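Q: Here it is, the structure in full.
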Amino acid sequence: MAITIIQIQRWTKMLLGKSVEHVHQGEGKVYSKDEIKGYYNDLTEKVTIDKSLLYSDKLPLIKQLDGQYIYFPVAIFQYALGCYDLWLIEKDEVYKKKFIQCALWTLDKQDEKGRWDNFSHVYKNAPYGAMAQGEGASVLLRAYALTGNVSYREAAQKAVDFMLQGIEKGGTTEYADGKIVFREYTNQPIVLNGWIFAWWGLYDYVLSTNDKDRYKSLLKKSLDSLVKSLPIFKNNYWSLYDYDRKLTSPFYHNLHIAQMKVMYDLTGKEIFKEYANRWQKQQRNVFCKSLAFLIKAIQKIKE
């Protein structure tokens, strides 16, 4: 397949840090381990890269390879979480107002089973994913914390309940070989960053409801599964994107580092600190970084 102009534009923006889909996402600036507060990943640049949306009634749109623009749930969820953090930091009502607009969209677009159609524009037979369910729940639970409107918490439970359904039942969680894996895509290899974003959604639900039974148990079991699976996502010089062992781009490598740091802070498990240090050391190594960039570029061309 020939490389399109849209692909070239997308890759160029990504490399220059001008893509809203690939802004820097470090550790969250104002999150808490004890209450629903800021988000665990810093998504504020999703908002500040183009502030024009803040002063309009529009929501983020994503440009597809065919040139069409669509509302992509994960993009709106992440924009909302960025707005929420900025409101906590700056106390500017414009961020609060935009967050509520996004939260209302999140509530409105959730179907009766608690789902958001995240992928039907590319995978008609696999439109749902755990990352979308988890991030949607994180938005709704912050809206509940902000407004006290129980509709948000009820919708968050529906989102989490659907996320936790087994893939064989149409859900987004894989229960196999004693592991509980949250699947960003139900028809693709297991993705590390998507698993963690989904886990954070369940973490938020347990935190918000003070659950000590089923949800907390599943949270722990998925955490244990993640710890056991981490070696799949490393090689000798870089981090890997998924179970197919595709190399990460610089953006996703940096995201992995931030996620490992936050997971260590939330859980106290040393393995996350070890992986954060390992991948950060590789990121600073000119040889490792150059080799990873070259191989990733070849991967993209082949794709």
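In the structure tokens, chains take the letters A, B, ... in the order shown, each chain's residues start at 1, and ligands count up from 1 in the order shown.
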Each residue of stretch 81-154 of chain A with at least one atom at most 10 Å from stretch 196-220 of chain A should appear once, together with its nearest atom pair and the corresponding distance in Å (one decimal); atoms considered: only C-alpha atoms; ordering: chain, then increasing residue number; output as a Markdown table.

A:
```
| residue | atom | partner | partner_atom | distance |
| --- | --- | --- | --- | --- |
| A:Gly129 | CA | A:Ala198 | CA | 8.9 |
| A:Ala130 | CA | A:Ala198 | CA | 5.5 |
| A:Met131 | CA | A:Ala198 | CA | 4.5 |
| A:Ala132 | CA | A:Ala198 | CA | 7.3 |
| A:Gln133 | CA | A:Ala198 | CA | 6.9 |
| A:Gly134 | CA | A:Gly201 | CA | 3.9 |
| A:Glu135 | CA | A:Gly201 | CA | 5.7 |
| A:Gly136 | CA | A:Gly201 | CA | 7.7 |
| A:Ala137 | CA | A:Gly201 | CA | 5.7 |
| A:Ser138 | CA | A:Gly201 | CA | 5.2 |
| A:Val139 | CA | A:Gly201 | CA | 8.8 |
| A:Leu140 | CA | A:Tyr205 | CA | 9.8 |
| A:Leu141 | CA | A:Ser208 | CA | 7.1 |
| A:Arg142 | CA | A:Asp204 | CA | 9.0 |
| A:Tyr144 | CA | A:Ser208 | CA | 9.2 |
| A:Ala145 | CA | A:Ser208 | CA | 8.4 |
| A:Arg153 | CA | A:Ser208 | CA | 8.6 |
```

Q: Quick one: everything within 6 Å of A:Leu61, counting only C-alpha atoms, minus sequence neighbours fewer than 5 positions away in the same chain. Send it as JSON, numbers by chain.

A: {"A": [69, 70, 71]}

Q: Rounded to one decimal in Å, what is the spacing between atom CA of A:Thr147 and atom CA of A:Val47?

A: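 Result for atom CA of A:Thr147 versus atom CA of A:Val47: 21.6 Å, one decimal.
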
Q: Can you list, as a ChimeraX atom specification, every residue of stretch 124-172 of chain A that DSSP puts in helix (DSSP H, G or I)?

A: /A:130-147,150-164,167-169

Q: Taking N, CA and C atoms for each residue, export the selection above as a short mmCIF file (atom, residue, chain, number, x, y, z; two decimals), in the first residue's frame.

A:
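Now in selection_31.cif:
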```
data_model
loop_
_atom_site.label_atom_id
_atom_site.label_comp_id
_atom_site.auth_asym_id
_atom_site.auth_seq_id
_atom_site.Cartn_x
_atom_site.Cartn_y
_atom_site.Cartn_z
N ALA A 130 -11.04 -2.02 26.22
CA ALA A 130 -10.93 -1.77 27.65
C ALA A 130 -10.37 -0.39 27.96
N MET A 131 -9.46 0.10 27.12
CA MET A 131 -8.89 1.42 27.36
C MET A 131 -9.98 2.49 27.29
N ALA A 132 -10.83 2.42 26.29
CA ALA A 132 -11.93 3.39 26.18
C ALA A 132 -12.87 3.27 27.37
N GLN A 133 -13.19 2.04 27.77
CA GLN A 133 -14.09 1.84 28.90
C GLN A 133 -13.48 2.42 30.19
N GLY A 134 -12.18 2.15 30.39
CA GLY A 134 -11.52 2.64 31.60
C GLY A 134 -11.40 4.14 31.65
N GLU A 135 -11.02 4.74 30.52
CA GLU A 135 -10.87 6.20 30.50
C GLU A 135 -12.23 6.89 30.58
N GLY A 136 -13.25 6.30 29.94
CA GLY A 136 -14.59 6.86 30.07
C GLY A 136 -15.05 6.84 31.52
N ALA A 137 -14.79 5.74 32.22
CA ALA A 137 -15.15 5.65 33.64
C ALA A 137 -14.40 6.70 34.46
N SER A 138 -13.12 6.93 34.13
CA SER A 138 -12.33 7.93 34.85
C SER A 138 -12.91 9.33 34.67
N VAL A 139 -13.39 9.63 33.48
CA VAL A 139 -14.05 10.92 33.24
C VAL A 139 -15.32 11.03 34.07
N LEU A 140 -16.16 10.01 34.00
CA LEU A 140 -17.45 10.03 34.69
C LEU A 140 -17.29 10.14 36.21
N LEU A 141 -16.29 9.46 36.76
CA LEU A 141 -16.10 9.50 38.21
C LEU A 141 -15.58 10.86 38.67
N ARG A 142 -14.83 11.55 37.82
CA ARG A 142 -14.41 12.91 38.16
C ARG A 142 -15.58 13.88 38.04
N ALA A 143 -16.46 13.62 37.06
CA ALA A 143 -17.67 14.44 36.95
C ALA A 143 -18.56 14.24 38.18
N TYR A 144 -18.64 13.00 38.67
CA TYR A 144 -19.40 12.72 39.88
C TYR A 144 -18.78 13.43 41.09
N ALA A 145 -17.45 13.37 41.20
CA ALA A 145 -16.76 14.03 42.31
C ALA A 145 -16.99 15.54 42.27
N LEU A 146 -17.08 16.08 41.07
CA LEU A 146 -17.22 17.53 40.90
C LEU A 146 -18.65 18.00 41.14
N THR A 147 -19.63 17.21 40.68
CA THR A 147 -21.02 17.68 40.69
C THR A 147 -21.91 16.99 41.72
N VAL A 150 -25.39 11.56 40.71
CA VAL A 150 -25.19 10.11 40.78
C VAL A 150 -25.29 9.44 39.41
N SER A 151 -25.86 10.12 38.43
CA SER A 151 -25.94 9.55 37.08
C SER A 151 -24.55 9.25 36.55
N TYR A 152 -23.58 10.08 36.91
CA TYR A 152 -22.21 9.87 36.45
C TYR A 152 -21.62 8.60 37.07
N ARG A 153 -21.85 8.40 38.36
CA ARG A 153 -21.29 7.20 39.01
C ARG A 153 -21.98 5.94 38.51
N GLU A 154 -23.27 6.01 38.29
CA GLU A 154 -23.99 4.85 37.76
C GLU A 154 -23.48 4.48 36.37
N ALA A 155 -23.22 5.50 35.56
CA ALA A 155 -22.70 5.25 34.21
C ALA A 155 -21.28 4.69 34.28
N ALA A 156 -20.50 5.15 35.26
CA ALA A 156 -19.14 4.62 35.43
C ALA A 156 -19.18 3.14 35.78
N GLN A 157 -20.13 2.76 36.64
CA GLN A 157 -20.26 1.33 36.98
C GLN A 157 -20.62 0.51 35.76
N LYS A 158 -21.53 1.01 34.94
CA LYS A 158 -21.90 0.30 33.72
C LYS A 158 -20.69 0.14 32.80
N ALA A 159 -19.88 1.20 32.71
CA ALA A 159 -18.68 1.15 31.87
C ALA A 159 -17.70 0.10 32.36
N VAL A 160 -17.49 0.06 33.67
CA VAL A 160 -16.56 -0.89 34.27
C VAL A 160 -17.11 -2.32 34.16
N ASP A 161 -18.39 -2.48 34.40
CA ASP A 161 -18.99 -3.82 34.31
C ASP A 161 -18.85 -4.39 32.91
N PHE A 162 -19.08 -3.56 31.90
CA PHE A 162 -18.90 -4.07 30.54
C PHE A 162 -17.43 -4.38 30.26
N MET A 163 -16.53 -3.51 30.71
CA MET A 163 -15.11 -3.74 30.53
C MET A 163 -14.69 -5.09 31.10
N LEU A 164 -15.26 -5.45 32.24
CA LEU A 164 -14.86 -6.67 32.94
C LEU A 164 -15.50 -7.94 32.38
N ILE A 167 -14.12 -11.55 26.92
CA ILE A 167 -14.18 -11.32 25.48
C ILE A 167 -15.15 -12.27 24.82
N GLU A 168 -15.19 -13.50 25.29
CA GLU A 168 -16.09 -14.49 24.70
C GLU A 168 -17.56 -14.13 24.90
N LYS A 169 -17.82 -13.21 25.84
CA LYS A 169 -19.19 -12.74 26.08
C LYS A 169 -19.43 -11.37 25.46
#
```

Q: Identify all residues of stretch 118-272 of chain A in strand (DSSP E) (DSSP on the backbone) and supply them as a PyMOL selection string.

A: chain A and resi 173-176+179-182

Q: Could those residues be written to a file, using C-alpha atoms, as a PDB file, in the first residue's frame?

A:
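And here's part04.pdb as it stands now:
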```pdb
ATOM      1  CA  THR A 173     -11.293  -8.580  29.395  1.00  0.00           C
ATOM      2  CA  GLU A 174      -9.385 -11.795  28.756  1.00  0.00           C
ATOM      3  CA  TYR A 175      -9.570 -14.454  31.457  1.00  0.00           C
ATOM      4  CA  ALA A 176      -7.043 -17.132  30.512  1.00  0.00           C
ATOM      5  CA  LYS A 179      -4.481 -14.040  34.180  1.00  0.00           C
ATOM      6  CA  ILE A 180      -6.873 -11.110  33.913  1.00  0.00           C
ATOM      7  CA  VAL A 181      -5.890  -8.915  30.987  1.00  0.00           C
ATOM      8  CA  PHE A 182      -7.616  -5.690  29.933  1.00  0.00           C
TER       9      PHE A 182
END
```

Q: Any chance you could tabulate, as JSON lines, the residues of stretch 182-264 of chain A at most 12 Å from stretch 114-124 of chain A with each one's nearest atom pair and distance in Å to one decimal, using only C-alpha atoms, in chain and rising number order?

A:
```
{"residue": "A:Glu184", "atom": "CA", "partner": "A:Asn118", "partner_atom": "CA", "distance": 10.0}
{"residue": "A:Tyr185", "atom": "CA", "partner": "A:Phe119", "partner_atom": "CA", "distance": 8.4}
{"residue": "A:Thr186", "atom": "CA", "partner": "A:Tyr123", "partner_atom": "CA", "distance": 9.8}
{"residue": "A:Asn187", "atom": "CA", "partner": "A:Tyr123", "partner_atom": "CA", "distance": 8.4}
{"residue": "A:Gln188", "atom": "CA", "partner": "A:Tyr123", "partner_atom": "CA", "distance": 10.1}
```

Q: Which residues come within 8 Å of A:Phe99, counting only C-alpha atoms, excluding same-chain residues fewer than 6 positions away, as a ChimeraX atom specification?

A: /A:80-81,83-84

Q: Skipping near chain neighbours, those fewer than 3 positions away, what residues fall within 10 Å of A:Asp57 using only C-alpha atoms, listed as a list of chain:residue names?

A: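 The neighbour list is A:Leu53, A:Leu54, A:Lys98, A:Gln101.
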
Q: Please produce a file of the residues just selected, as a PDB file, in the first residue's frame, where the atoms kept are all heavy atoms.

A:
```pdb
ATOM      1  N   LEU A  53     -10.421  25.400  21.054  1.00  0.00           N
ATOM      2  CA  LEU A  53     -11.570  24.565  21.411  1.00  0.00           C
ATOM      3  C   LEU A  53     -12.209  24.988  22.732  1.00  0.00           C
ATOM      4  O   LEU A  53     -13.408  24.836  22.923  1.00  0.00           O
ATOM      5  CB  LEU A  53     -11.151  23.100  21.515  1.00  0.00           C
ATOM      6  CG  LEU A  53     -11.072  22.263  20.243  1.00  0.00           C
ATOM      7  CD1 LEU A  53     -10.633  20.851  20.580  1.00  0.00           C
ATOM      8  CD2 LEU A  53     -12.406  22.233  19.526  1.00  0.00           C
ATOM      9  N   LEU A  54     -11.387  25.512  23.633  1.00  0.00           N
ATOM     10  CA  LEU A  54     -11.880  25.891  24.945  1.00  0.00           C
ATOM     11  C   LEU A  54     -12.960  26.959  24.864  1.00  0.00           C
ATOM     12  O   LEU A  54     -13.867  27.013  25.702  1.00  0.00           O
ATOM     13  CB  LEU A  54     -10.731  26.406  25.821  1.00  0.00           C
ATOM     14  CG  LEU A  54      -9.769  25.384  26.422  1.00  0.00           C
ATOM     15  CD1 LEU A  54      -8.581  26.092  27.025  1.00  0.00           C
ATOM     16  CD2 LEU A  54     -10.480  24.526  27.455  1.00  0.00           C
ATOM     17  N   LYS A  98     -15.481  23.255  30.131  1.00  0.00           N
ATOM     18  CA  LYS A  98     -15.194  22.348  29.017  1.00  0.00           C
ATOM     19  C   LYS A  98     -15.199  20.899  29.482  1.00  0.00           C
ATOM     20  O   LYS A  98     -15.653  20.002  28.755  1.00  0.00           O
ATOM     21  CB  LYS A  98     -13.842  22.696  28.383  1.00  0.00           C
ATOM     22  CG  LYS A  98     -13.699  22.182  26.963  1.00  0.00           C
ATOM     23  CD  LYS A  98     -14.682  22.885  26.030  1.00  0.00           C
ATOM     24  CE  LYS A  98     -14.551  22.410  24.604  1.00  0.00           C
ATOM     25  NZ  LYS A  98     -15.501  23.112  23.713  1.00  0.00           N
ATOM     26  N   GLN A 101     -18.727  19.756  29.638  1.00  0.00           N
ATOM     27  CA  GLN A 101     -19.239  19.503  28.287  1.00  0.00           C
ATOM     28  C   GLN A 101     -18.798  18.122  27.800  1.00  0.00           C
ATOM     29  O   GLN A 101     -19.593  17.362  27.241  1.00  0.00           O
ATOM     30  CB  GLN A 101     -18.748  20.577  27.314  1.00  0.00           C
ATOM     31  CG  GLN A 101     -19.301  20.390  25.905  1.00  0.00           C
ATOM     32  CD  GLN A 101     -18.653  21.311  24.868  1.00  0.00           C
ATOM     33  OE1 GLN A 101     -17.840  22.180  25.215  1.00  0.00           O
ATOM     34  NE2 GLN A 101     -18.998  21.127  23.610  1.00  0.00           N
TER      35      GLN A 101
END
```

Q: Select, from A:Pro127, A:Gly171, A:Gly178, A:Pro73, the residue with the minimum atom-to-atom distance to A:Gln110, counting only C-alpha atoms.

A: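 Closest residue, counting only C-alpha atoms: A:Pro73.
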
Q: When you look at A:Leu43 with a cut-off of 12 Å (counting only C-alpha atoms), what residues show up, excluding the ones that are within fewer than 6 positions of it in the same chain? I need them as a list in words.

A: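 With the cut-off at 12 Å, the set is Val20, Glu21, His22, Val23, His24, Gln25, Gly26, Glu27, Gly28, Lys29, Val30, Tyr31, Ile49, Val74, Ala75, Ile76, Phe77, Gln78, Tyr79, Ala80, Leu81, Gly82, Cys83, Tyr84, Asp85, Leu86, Glu135, Leu255 and Ala258 of chain A.
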
Q: Of the residues A:Tyr237, A:Met260, A:Ala297, A:Leu226, which is the one nearest to A:Arg284, using only C-alpha atoms?

A: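 Looking at the shortest contact to A:Arg284, the residue is A:Tyr237.
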
Q: Using Å and a single decimal, report how far atom CA of A:Val286 sits from atom CA of A:Gly194.

A: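 Atom CA of A:Val286 lies 27.5 Å from atom CA of A:Gly194.
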
Q: Between A:Ile257, A:Ile36, A:Val94, A:Met263, single out the one closest to A:Leu223, counting only C-alpha atoms.

A: A:Met263

Q: Find the residues around A:Phe272 up to 9 Å (only C-alpha atoms counted), leave out those fewer than 6 positions away in its own chain, and share them as a ChimeraX atom specification.

A: /A:227,230,259-265

Q: Would you save the residues of that selection, restricted to all heavy atoms, as a PDB file, in the first residue's frame?

A:
```pdb
ATOM      1  N   VAL A 227       2.140  -7.597  36.222  1.00  0.00           N
ATOM      2  CA  VAL A 227       3.506  -7.791  36.722  1.00  0.00           C
ATOM      3  C   VAL A 227       4.149  -9.014  36.053  1.00  0.00           C
ATOM      4  O   VAL A 227       5.300  -8.964  35.608  1.00  0.00           O
ATOM      5  CB  VAL A 227       3.492  -7.931  38.253  1.00  0.00           C
ATOM      6  CG1 VAL A 227       4.844  -8.448  38.751  1.00  0.00           C
ATOM      7  CG2 VAL A 227       3.162  -6.596  38.905  1.00  0.00           C
ATOM      8  N   LEU A 230       5.068  -8.244  32.257  1.00  0.00           N
ATOM      9  CA  LEU A 230       5.982  -7.154  31.888  1.00  0.00           C
ATOM     10  C   LEU A 230       7.183  -7.598  31.045  1.00  0.00           C
ATOM     11  O   LEU A 230       7.572  -6.879  30.112  1.00  0.00           O
ATOM     12  CB  LEU A 230       6.462  -6.416  33.141  1.00  0.00           C
ATOM     13  CG  LEU A 230       5.500  -5.372  33.713  1.00  0.00           C
ATOM     14  CD1 LEU A 230       6.082  -4.769  34.989  1.00  0.00           C
ATOM     15  CD2 LEU A 230       5.198  -4.275  32.703  1.00  0.00           C
ATOM     16  N   GLN A 259       4.098   5.753  32.764  1.00  0.00           N
ATOM     17  CA  GLN A 259       3.156   4.801  33.347  1.00  0.00           C
ATOM     18  C   GLN A 259       3.818   3.920  34.399  1.00  0.00           C
ATOM     19  O   GLN A 259       3.226   3.625  35.441  1.00  0.00           O
ATOM     20  CB  GLN A 259       2.532   3.936  32.252  1.00  0.00           C
ATOM     21  CG  GLN A 259       1.526   4.684  31.380  1.00  0.00           C
ATOM     22  CD  GLN A 259       0.853   3.770  30.375  1.00  0.00           C
ATOM     23  OE1 GLN A 259       1.488   2.907  29.775  1.00  0.00           O
ATOM     24  NE2 GLN A 259      -0.438   3.945  30.182  1.00  0.00           N
ATOM     25  N   MET A 260       5.045   3.494  34.146  1.00  0.00           N
ATOM     26  CA  MET A 260       5.754   2.673  35.121  1.00  0.00           C
ATOM     27  C   MET A 260       5.993   3.452  36.416  1.00  0.00           C
ATOM     28  O   MET A 260       5.840   2.910  37.521  1.00  0.00           O
ATOM     29  CB  MET A 260       7.101   2.208  34.549  1.00  0.00           C
ATOM     30  CG  MET A 260       7.014   1.210  33.398  1.00  0.00           C
ATOM     31  SD  MET A 260       6.242  -0.381  33.822  1.00  0.00           S
ATOM     32  CE  MET A 260       4.622  -0.169  33.059  1.00  0.00           C
ATOM     33  N   LYS A 261       6.338   4.722  36.306  1.00  0.00           N
ATOM     34  CA  LYS A 261       6.580   5.538  37.499  1.00  0.00           C
ATOM     35  C   LYS A 261       5.308   5.679  38.324  1.00  0.00           C
ATOM     36  O   LYS A 261       5.332   5.577  39.557  1.00  0.00           O
ATOM     37  CB  LYS A 261       7.116   6.914  37.094  1.00  0.00           C
ATOM     38  CG  LYS A 261       8.539   6.899  36.563  1.00  0.00           C
ATOM     39  CD  LYS A 261       8.998   8.299  36.189  1.00  0.00           C
ATOM     40  CE  LYS A 261      10.439   8.306  35.713  1.00  0.00           C
ATOM     41  NZ  LYS A 261      10.884   9.677  35.336  1.00  0.00           N
ATOM     42  N   VAL A 262       4.189   5.911  37.639  1.00  0.00           N
ATOM     43  CA  VAL A 262       2.926   6.069  38.357  1.00  0.00           C
ATOM     44  C   VAL A 262       2.476   4.743  38.974  1.00  0.00           C
ATOM     45  O   VAL A 262       2.002   4.705  40.123  1.00  0.00           O
ATOM     46  CB  VAL A 262       1.837   6.630  37.422  1.00  0.00           C
ATOM     47  CG1 VAL A 262       0.476   6.614  38.118  1.00  0.00           C
ATOM     48  CG2 VAL A 262       2.189   8.047  37.003  1.00  0.00           C
ATOM     49  N   MET A 263       2.646   3.655  38.227  1.00  0.00           N
ATOM     50  CA  MET A 263       2.262   2.351  38.773  1.00  0.00           C
ATOM     51  C   MET A 263       3.090   2.005  40.014  1.00  0.00           C
ATOM     52  O   MET A 263       2.566   1.409  40.967  1.00  0.00           O
ATOM     53  CB  MET A 263       2.407   1.259  37.713  1.00  0.00           C
ATOM     54  CG  MET A 263       1.379   1.331  36.599  1.00  0.00           C
ATOM     55  SD  MET A 263      -0.334   1.193  37.170  1.00  0.00           S
ATOM     56  CE  MET A 263      -0.401  -0.535  37.655  1.00  0.00           C
ATOM     57  N   TYR A 264       4.346   2.374  40.020  1.00  0.00           N
ATOM     58  CA  TYR A 264       5.170   2.153  41.219  1.00  0.00           C
ATOM     59  C   TYR A 264       4.631   2.979  42.384  1.00  0.00           C
ATOM     60  O   TYR A 264       4.503   2.482  43.519  1.00  0.00           O
ATOM     61  CB  TYR A 264       6.629   2.525  40.948  1.00  0.00           C
ATOM     62  CG  TYR A 264       7.470   2.542  42.198  1.00  0.00           C
ATOM     63  CD1 TYR A 264       7.714   1.375  42.925  1.00  0.00           C
ATOM     64  CD2 TYR A 264       8.004   3.738  42.685  1.00  0.00           C
ATOM     65  CE1 TYR A 264       8.462   1.388  44.098  1.00  0.00           C
ATOM     66  CE2 TYR A 264       8.754   3.763  43.847  1.00  0.00           C
ATOM     67  CZ  TYR A 264       8.979   2.589  44.555  1.00  0.00           C
ATOM     68  OH  TYR A 264       9.720   2.621  45.719  1.00  0.00           O
ATOM     69  N   ASP A 265       4.258   4.239  42.099  1.00  0.00           N
ATOM     70  CA  ASP A 265       3.741   5.110  43.151  1.00  0.00           C
ATOM     71  C   ASP A 265       2.418   4.586  43.691  1.00  0.00           C
ATOM     72  O   ASP A 265       2.172   4.617  44.907  1.00  0.00           O
ATOM     73  CB  ASP A 265       3.564   6.525  42.602  1.00  0.00           C
ATOM     74  CG  ASP A 265       3.170   7.523  43.679  1.00  0.00           C
ATOM     75  OD1 ASP A 265       3.743   7.466  44.782  1.00  0.00           O
ATOM     76  OD2 ASP A 265       2.276   8.346  43.427  1.00  0.00           O
TER      77      ASP A 265
END
```

Q: Which residue out of A:Glu112, A:Glu35, A:Asp244, A:Glu270 has the minimum interatomic distance to A:Val191 when only C-alpha atoms are used?

A: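 Among A:Glu112, A:Glu35, A:Asp244, A:Glu270, it is A:Asp244 that comes nearest to A:Val191.
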
Q: Would you work out the distance separating atom CA of A:Gln283 from atom CA of A:Lys246, expressed in Å to one decimal?

A: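 Interatomic distance, atom CA of A:Gln283 to atom CA of A:Lys246: 16.7 Å.
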